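Below: one structure, written as structure tokens.
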Amino acid sequence: MPDAINNKGKDLVISYSVKMEDRVDCGGSYIKLLPDMDQDSFGGDTTYGIMFGPDVCGTTRRTHVIFNYPPKDDNLLIKENVKVETDALAHLYTLHVKPDNTFEVFIDKESVKSGTLKDNWDFLEPEEIEDPNESKPEDWVDERKIPDPEDVKPEGYDDIPAEIPDPEAEKPDDWDDDEDGEWEPPMVDNPEYNGPWKAKMIDNPDYKGPWVHPMVPNPDFEDDPSMYHRCDPCTHVGFELWQVKTGVLFDDIIVTDSLDEAWAFADKTWAAKADGEKAMHDEIKQKEEDEKMAERKAKAEAAATEDTDDYADEDIGSDEL
């Protein structure tokens with residue numbers, strides 16, 4: 001970038017457009033903000049500050065928002081998937097990170113996700129943990145229901161068979177006992193059989209409810225008011241691509257500390273092209289649909305003509321006879 005960006009105490013806005021000329025079914029197109037690095041060795045493992053952009057493959061459909069967090073030496077993925085666009089139009093992806101440790105993601109200038117960094121990424125250890133000195137008492141009763149001790153199995157219950165001879169079956173007329181052996185009706189499920197006997201269940205008078213593990217403050221928890229500060233500084237913009245189809249276009253890139261500036265830039269770039277692109281896209285799609293309809297109609301007419309010719313040939317043959 002012309003100037004390094006340090007977002008300490010400032011908003012950070014990343015905005016760019018992505019166009020998949022061939023409708024994406026598996027691919028990723030991410031923008032990265034990186035600290036000073038060797039451009040010749042840039043690759044997927046190069047340390048970055050922020051990685052942002054569409055990620056689509058099969059049932060995975062999301063917009064990646066990933067922060068590198070040195071205290072954990074890890075790249076942190078957002079916990080809940082963010083909406084993504086998968087058509088062949090150019091879409092504007094914008095990430096806004098604020099000094100109050102909140103964020104917002106926009107697609108085509110419309111908000112699709114917002115919240116706090118603390119709640120949406122695992123920057124911090126949990127504030128509370130289960131008390132390691134506590135465990136569920138051995139005499140704790142957490143069974144809500146128990147077999148009724150007064151319920152008694154009916155006499156003769158175990159003598160009821162699971163299957164009985166089919167009472168509606170009849171011996172075939174051509175059955176020969178000498179040749180076929182003694183005839184026996186097929187077996188069917190016994191409607192009076194109810195399975196192995198079990199005592200009915202009743203409320204457990206000793207039930208105490210689920211045991212809840214007591215929580216205590218986590219000694220490893222340490223708040224970080226600078227979670228938002230991911231460019232310290234960022235000097236380069238990079239793109240990470242993986243795809244099974246060609247034709248990914250990036251444009252309208254801006255990195256700034258002002259959302260208003262980003263929107264003004266988008267209005268002069270992405271928005272100025274969007275309506276014309278959508279009209280052209282719809283025109284092409286309509287033309288393709290019209291061509292398909294014409295092709296199907298031509299095939300149907302050809303098939304009808306062939307059937308008529310075959311019928312005429314049959315009539316001529318009949319007349320000749």
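Residues in the structure tokens are named by chain (A, B, ... in the order shown) and by number from 1 within that chain; ligands are numbered from 1 in the order shown.
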
Q.
I'd like the neighbourhood of stretch 146-160 of chain A as a VMD selection string, where a residue qualifies if any of its atoms comes within 6 Å (using only C-alpha atoms), though same-chain residues fewer than 3 positions away should be ignored.
A. chain A and resid 199 to 202 204

Would you put the residues from that selection into a file with N, CA, C and O atoms, as a compact mmCIF listing (two decimals), in the first residue's frame?
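And here is the file that came out, out.txt:
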# COMPACT_ATOMS: atom_id res chain seq x y z
N ALA A 199 -42.07 -52.53 33.91
CA ALA A 199 -42.91 -51.82 34.87
C ALA A 199 -43.15 -50.40 34.36
O ALA A 199 -42.28 -49.80 33.73
N LYS A 200 -44.32 -49.86 34.62
CA LYS A 200 -44.60 -48.49 34.21
C LYS A 200 -43.71 -47.52 34.98
O LYS A 200 -43.28 -47.81 36.10
N MET A 201 -43.42 -46.39 34.36
CA MET A 201 -42.54 -45.40 34.97
C MET A 201 -43.37 -44.37 35.73
O MET A 201 -44.45 -43.95 35.30
N ILE A 202 -42.82 -43.96 36.87
CA ILE A 202 -43.48 -42.94 37.69
C ILE A 202 -42.45 -41.87 38.06
O ILE A 202 -41.23 -42.07 37.90
N ASN A 204 -39.90 -39.84 40.08
CA ASN A 204 -38.97 -40.23 41.13
C ASN A 204 -39.10 -39.26 42.30
O ASN A 204 -38.80 -38.08 42.16

Q: Pick out the residues sitting within 8 Å of A:Phe103, and hand them over as number ranges by chain; count only C-alpha atoms, and ignore anything fewer than 2 positions along from it in its own chain.
A: A: 95-98, 101, 105, 114-117

Keeping only N, CA and C atoms, write those residues as a compact mmCIF listing (two decimals), in the first residue's frame.
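Generated file (selection_27.txt):
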# COMPACT_ATOMS: atom_id res chain seq x y z
N LEU A 95 -15.82 -4.83 5.40
CA LEU A 95 -15.63 -5.14 6.82
C LEU A 95 -15.28 -3.86 7.56
N HIS A 96 -16.01 -3.57 8.63
CA HIS A 96 -15.79 -2.38 9.45
C HIS A 96 -15.46 -2.83 10.87
N VAL A 97 -14.23 -2.57 11.31
CA VAL A 97 -13.79 -2.90 12.67
C VAL A 97 -13.60 -1.60 13.44
N LYS A 98 -14.17 -1.53 14.65
CA LYS A 98 -14.19 -0.27 15.40
C LYS A 98 -13.35 -0.37 16.67
N ASN A 101 -14.19 -2.34 19.90
CA ASN A 101 -14.19 -3.80 19.77
C ASN A 101 -15.54 -4.35 19.28
N VAL A 105 -20.24 -6.40 9.06
CA VAL A 105 -19.97 -6.88 7.71
C VAL A 105 -21.12 -6.44 6.80
N SER A 114 -23.23 -8.16 12.54
CA SER A 114 -22.59 -7.18 13.41
C SER A 114 -22.57 -7.72 14.83
N GLY A 115 -21.76 -7.12 15.68
CA GLY A 115 -21.68 -7.56 17.06
C GLY A 115 -20.35 -7.18 17.67
N THR A 116 -19.99 -7.85 18.75
CA THR A 116 -18.73 -7.59 19.44
C THR A 116 -17.68 -8.61 19.03
N LEU A 117 -16.45 -8.20 19.06
CA LEU A 117 -15.36 -9.13 18.76
C LEU A 117 -15.29 -10.22 19.83

Q) Contacts of stretch 11-22 of chain A at 8 Å or less, counting only C-alpha atoms, minus same-chain residues fewer than 5 places along, as a PyMOL selection string? A) chain A and resi 29+86-99+245-259+262+270

I need the residues from that last selection saved to file as a PDB file, in the first residue's frame (with C-alpha atoms), if you can.
ATOM      1  CA  SER A  29     -11.476 -15.289  -2.935  1.00  0.00           C
ATOM      2  CA  THR A  86     -22.798 -16.965  -5.204  1.00  0.00           C
ATOM      3  CA  ASP A  87     -24.152 -15.570  -8.478  1.00  0.00           C
ATOM      4  CA  ALA A  88     -22.120 -14.203 -11.416  1.00  0.00           C
ATOM      5  CA  LEU A  89     -22.526 -10.520 -10.520  1.00  0.00           C
ATOM      6  CA  ALA A  90     -19.929  -8.270  -8.884  1.00  0.00           C
ATOM      7  CA  HIS A  91     -20.652  -7.904  -5.161  1.00  0.00           C
ATOM      8  CA  LEU A  92     -19.139  -5.417  -2.740  1.00  0.00           C
ATOM      9  CA  TYR A  93     -17.779  -6.948   0.484  1.00  0.00           C
ATOM     10  CA  THR A  94     -17.023  -4.528   3.319  1.00  0.00           C
ATOM     11  CA  LEU A  95     -15.635  -5.143   6.820  1.00  0.00           C
ATOM     12  CA  HIS A  96     -15.787  -2.384   9.446  1.00  0.00           C
ATOM     13  CA  VAL A  97     -13.790  -2.896  12.669  1.00  0.00           C
ATOM     14  CA  LYS A  98     -14.193  -0.272  15.399  1.00  0.00           C
ATOM     15  CA  PRO A  99     -12.029   0.775  18.384  1.00  0.00           C
ATOM     16  CA  LYS A 245     -13.380 -22.493 -12.227  1.00  0.00           C
ATOM     17  CA  THR A 246     -11.644 -19.546 -13.826  1.00  0.00           C
ATOM     18  CA  GLY A 247     -12.773 -15.958 -14.028  1.00  0.00           C
ATOM     19  CA  VAL A 248     -12.521 -14.256 -10.607  1.00  0.00           C
ATOM     20  CA  LEU A 249     -12.238 -10.467 -10.835  1.00  0.00           C
ATOM     21  CA  PHE A 250     -11.265  -8.110  -7.997  1.00  0.00           C
ATOM     22  CA  ASP A 251     -11.925  -4.391  -8.171  1.00  0.00           C
ATOM     23  CA  ASP A 252     -12.930  -1.273  -6.224  1.00  0.00           C
ATOM     24  CA  ILE A 253     -10.436  -1.897  -3.397  1.00  0.00           C
ATOM     25  CA  ILE A 254     -10.131   0.577  -0.549  1.00  0.00           C
ATOM     26  CA  VAL A 255      -8.601   0.364   2.926  1.00  0.00           C
ATOM     27  CA  THR A 256      -9.417   3.339   5.098  1.00  0.00           C
ATOM     28  CA  ASP A 257     -10.333   4.531   8.598  1.00  0.00           C
ATOM     29  CA  SER A 258     -13.669   6.011   7.489  1.00  0.00           C
ATOM     30  CA  LEU A 259     -16.821   4.145   6.507  1.00  0.00           C
ATOM     31  CA  ALA A 262     -15.479   3.829   1.758  1.00  0.00           C
ATOM     32  CA  TRP A 270     -18.909  -0.459  -7.788  1.00  0.00           C
TER      33      TRP A 270
END

Q. Contacts of stretch 222-238 of chain A at 8 Å or less, counting only C-alpha atoms, minus same-chain residues fewer than 6 places along, as a PyMOL selection string?
A. chain A and resi 1+3-9+31-37+49-50+67-69+97-102+117+123-125

Mind writing the picked residues with C-alpha atoms as a PDB file, in the first residue's frame?
ATOM      1  CA  MET A   1       0.000   0.000   0.000  1.00  0.00           C
ATOM      2  CA  ASP A   3       1.135   4.211   3.203  1.00  0.00           C
ATOM      3  CA  ALA A   4       1.224   1.796   6.119  1.00  0.00           C
ATOM      4  CA  ILE A   5      -2.012   1.593   8.125  1.00  0.00           C
ATOM      5  CA  ASN A   6      -2.057   1.433  11.902  1.00  0.00           C
ATOM      6  CA  ASN A   7      -5.606   1.240  13.235  1.00  0.00           C
ATOM      7  CA  LYS A   8      -4.759   1.880  16.901  1.00  0.00           C
ATOM      8  CA  GLY A   9      -7.564   4.076  18.191  1.00  0.00           C
ATOM      9  CA  ILE A  31      -8.373 -10.220   0.644  1.00  0.00           C
ATOM     10  CA  LYS A  32      -5.649 -10.026   3.286  1.00  0.00           C
ATOM     11  CA  LEU A  33      -4.078  -7.145   5.159  1.00  0.00           C
ATOM     12  CA  LEU A  34      -0.502  -8.025   6.029  1.00  0.00           C
ATOM     13  CA  PRO A  35       2.393  -6.571   7.986  1.00  0.00           C
ATOM     14  CA  ASP A  36       5.715  -5.899   6.267  1.00  0.00           C
ATOM     15  CA  MET A  37       6.822  -9.031   4.425  1.00  0.00           C
ATOM     16  CA  GLY A  49      -3.583  -9.324  10.213  1.00  0.00           C
ATOM     17  CA  ILE A  50      -7.026  -9.835   8.663  1.00  0.00           C
ATOM     18  CA  PHE A  67      -8.228 -12.259  12.564  1.00  0.00           C
ATOM     19  CA  ASN A  68      -4.652 -13.208  13.345  1.00  0.00           C
ATOM     20  CA  TYR A  69      -4.205 -12.919  17.131  1.00  0.00           C
ATOM     21  CA  VAL A  97     -13.790  -2.896  12.669  1.00  0.00           C
ATOM     22  CA  LYS A  98     -14.193  -0.272  15.399  1.00  0.00           C
ATOM     23  CA  PRO A  99     -12.029   0.775  18.384  1.00  0.00           C
ATOM     24  CA  ASP A 100     -14.827  -0.169  20.792  1.00  0.00           C
ATOM     25  CA  ASN A 101     -14.190  -3.799  19.773  1.00  0.00           C
ATOM     26  CA  THR A 102     -17.302  -4.129  17.632  1.00  0.00           C
ATOM     27  CA  LEU A 117     -15.362  -9.133  18.761  1.00  0.00           C
ATOM     28  CA  PHE A 123      -9.962 -13.835  21.355  1.00  0.00           C
ATOM     29  CA  LEU A 124     -10.204 -14.314  25.114  1.00  0.00           C
ATOM     30  CA  GLU A 125     -10.245 -17.196  27.530  1.00  0.00           C
TER      31      GLU A 125
END

Q) When you draw a straight line from atom CA of A:Ile164 to atom CA of A:Asp178, how long is it in Å? A) 25.1 Å

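Distance annotation: of A:Thr47, A:Asn75, A:Asn133, A:Asn81, the residue with the minimal separation from A:Arg61 is A:Asn81; atom set is only C-alpha atoms.
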
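Of note, atom CA of A:Lys145 and atom CA of A:Tyr193 are spaced 25.0 Å apart.
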
Q | Pairwise distance for atom CA of A:Asp220 and atom CA of A:Glu80, rounded to one decimal in Å | A | 24.9 Å

Q) What are the DSSP helix (DSSP H, G or I) residues of stretch 49-247 of chain A, as an MDAnalysis selection string? A) chainID A and resid 70:72 117:120 157:159 177:180
